[in-house]
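Engineer: Below is the structure I would like to discuss, written out as structure tokens.
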Amino acid sequence: MQKIRLNILGLSVSQTQSGAYALVLSEENGDRRIPIIIGPVEAQAIAIQLEGLKPPRPLTHDLIKNIARAFNIVLLEVVIHKLEEGIFYSELLCEMNGQEVRIDSRTSDAVALALRFRCPIYTTEEILAKAGIVLEGEEGKPSEAGKAAKKPGSSESNPFSRYTLQELEEMLNDAVQNEDYEKASVLRDEIDNRKKN
């Protein structure tokens with residue numbers, strides 16, 4: 001089985017399922033994308049890591065990573081190996097005491113762990129052929145993918161435009177303390193945008 005490496009392009013609200021999110025993965029050396037529908041809890045776990053936010057207490061995937069480290073278990077790679085009836089199946093390839101162990105996992109959890117362990121995510125040509133899509137007019141720039149149409153700091157309905165940078169940073173700290181990571185992510189984007197300008 002030839003493995004094809006995937007990169008995480010981003011998350012967006014699912015257009016097909018209410019309350020769900022679409023995790024978009026792309027092949028590293030190609031134009032195909034794989035949208036995977038995931039739940040809000042898993043989306044939050046992925047978003048926190050993508051945004052570089054540090055929760056005050058370890059969340060579930062952070063706890064799993066801490067347990068793995070305590071017992072010298074290393075996550076080597078994640079492989080999305082099967083697609084059946086619209087459901088993606090993944091495996092975690094772990095190493096402990098020189099032995100490799102494969103563990104079945106939901107794809108959303110596997111991706112959340114891959115981010116924390118900084119390990120590669122792979123799939124097969126068969127899955128990319130079945131589920132891969134190419135967006136028309138896409139430039140193929142990962143840094144542009146997954147961004148919302150409204151950019152942080154734009155005057156169009158920006159609820160944070162009236163706050164100072166210091167107030168925004170205090171609000172960000174409060175949001176992280178209250179584990180409101182969705183708000184924290186928006187605040188962080190606004191702060192980053194202001195610091196660039």
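In the structure tokens, each chain is lettered A, B, ... as it comes, each chain's residues begin at 1, and ligands are numbered from 1 in order of appearance.
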Segment 26-129 of chain A near segment 170-181 of chain A within 7 Å: what's each residue's closest atom pair and its distance in Å to one decimal, counting only C-alpha atoms, ordered by chain then ascending residue number, as a tab-separated table?
Structural biologist:
residue	atom	partner	partner_atom	distance
A:Ile48	CA	A:Tyr181	CA	6.7
A:Pro55	CA	A:Val176	CA	6.0
A:Pro56	CA	A:Gln177	CA	6.2
Engineer: I need the residues of segment 10-150 of chain A that end up classed as alpha helix (DSSP H) by DSSP on the backbone, written out as an mmCIF file with C-alpha atoms, in the first residue's frame.
Structural biologist:
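Final file, out-v4.cif:
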data_model
loop_
_atom_site.group_PDB
_atom_site.id
_atom_site.type_symbol
_atom_site.label_atom_id
_atom_site.label_comp_id
_atom_site.auth_asym_id
_atom_site.auth_seq_id
_atom_site.Cartn_x
_atom_site.Cartn_y
_atom_site.Cartn_z
ATOM 1 C CA PRO A 40 -17.983 20.028 17.522
ATOM 2 C CA VAL A 41 -15.905 18.541 20.374
ATOM 3 C CA GLU A 42 -13.350 17.063 17.980
ATOM 4 C CA ALA A 43 -13.372 20.261 15.912
ATOM 5 C CA GLN A 44 -12.595 22.232 19.073
ATOM 6 C CA ALA A 45 -9.726 19.864 19.950
ATOM 7 C CA ILE A 46 -8.234 20.345 16.479
ATOM 8 C CA ALA A 47 -8.843 24.114 16.376
ATOM 9 C CA ILE A 48 -7.170 24.667 19.759
ATOM 10 C CA GLN A 49 -4.018 22.989 18.501
ATOM 11 C CA LEU A 50 -4.089 24.741 15.107
ATOM 12 C CA GLU A 51 -4.453 28.116 16.838
ATOM 13 C CA THR A 60 -8.866 14.737 26.544
ATOM 14 C CA HIS A 61 -6.359 14.570 23.672
ATOM 15 C CA ASP A 62 -3.738 16.369 25.775
ATOM 16 C CA LEU A 63 -4.340 13.812 28.529
ATOM 17 C CA ILE A 64 -3.853 10.952 26.064
ATOM 18 C CA LYS A 65 -0.568 12.516 24.952
ATOM 19 C CA ASN A 66 0.574 12.917 28.582
ATOM 20 C CA ILE A 67 -0.263 9.275 29.347
ATOM 21 C CA ALA A 68 1.582 8.117 26.225
ATOM 22 C CA ARG A 69 4.670 10.110 27.208
ATOM 23 C CA ALA A 70 4.561 8.775 30.774
ATOM 24 C CA THR A 107 -10.321 9.969 12.094
ATOM 25 C CA SER A 108 -11.166 13.150 14.022
ATOM 26 C CA ASP A 109 -9.427 11.830 17.148
ATOM 27 C CA ALA A 110 -6.486 10.574 15.081
ATOM 28 C CA VAL A 111 -5.974 14.023 13.535
ATOM 29 C CA ALA A 112 -6.257 15.747 16.945
ATOM 30 C CA LEU A 113 -3.543 13.403 18.266
ATOM 31 C CA ALA A 114 -1.361 13.787 15.154
ATOM 32 C CA LEU A 115 -1.303 17.539 15.777
ATOM 33 C CA ARG A 116 -0.249 17.055 19.387
ATOM 34 C CA PHE A 117 2.456 14.501 18.571
ATOM 35 C CA GLU A 125 -4.625 6.528 -3.497
ATOM 36 C CA GLU A 126 -7.829 4.483 -3.361
ATOM 37 C CA ILE A 127 -9.345 6.788 -0.717
ATOM 38 C CA LEU A 128 -8.205 9.931 -2.527
ATOM 39 C CA ALA A 129 -9.740 8.573 -5.742
ATOM 40 C CA LYS A 130 -13.061 7.915 -3.947
ATOM 41 C CA ALA A 131 -13.331 10.978 -1.719
#
Engineer: Restricting the calculation to only C-alpha atoms, which member of A:Ala22, A:Glu169, A:Leu53, A:Ile38 is positioned closest to Ser185 of chain A?
Structural biologist: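 Among A:Ala22, A:Glu169, A:Leu53, A:Ile38, it is A:Leu53 that comes nearest to Ser185 of chain A.
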Engineer: Determine which residues of segment 6-167 of chain A DSSP labels as strand (DSSP E) from the backbone of this structure, then write them out as JSON, numbers by chain.
Structural biologist: {"A": [6, 7, 8, 9, 10, 11, 12, 13, 21, 22, 23, 24, 25, 26, 27, 33, 34, 35, 36, 37, 38, 73, 74, 75, 76, 77, 78, 79, 80, 81, 82, 83, 84, 87, 88, 89, 90, 91, 92, 93, 94, 95, 96, 99, 100, 101, 102, 103, 104, 105, 106, 121, 122, 123, 124]}
Engineer: Distance atom CA of Pro35 of chain A-atom CA of Ser12 of chain A, one decimal place?
Structural biologist: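 Here the two named atoms are 9.8 Å from each other.
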Engineer: Which residues, written as JSON, numbers by chain, have at least one atom at most 7 Å from segment 86-102 of chain A, with only C-alpha atoms counted and residues fewer than 2 positions away on the same chain left out?
Structural biologist: {"A": [72, 73, 74, 75, 76, 77, 78, 79, 80, 81, 82, 83, 84, 104, 105, 106, 107, 110]}
Engineer: Kindly give the distance, in Å, that separates atom CA of Arg33 of chain A and atom CA of Lys3 of chain A, rounded to a single decimal.
Structural biologist: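 Computed distance, atom CA of Arg33 of chain A to atom CA of Lys3 of chain A, equals 15.3 Å.
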Engineer: In Å, how far is it from atom CA of Val24 of chain A to atom CA of Leu9 of chain A?
Structural biologist: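 For atom CA of Val24 of chain A relative to atom CA of Leu9 of chain A, the distance reads 5.5 Å.
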Engineer: Could you check the closest approach to Arg5 of chain A for each of A:Leu165, A:Cys119, A:Leu59, A:Ile36 and tell me which residue wins, using only C-alpha atoms?
Structural biologist: A:Cys119
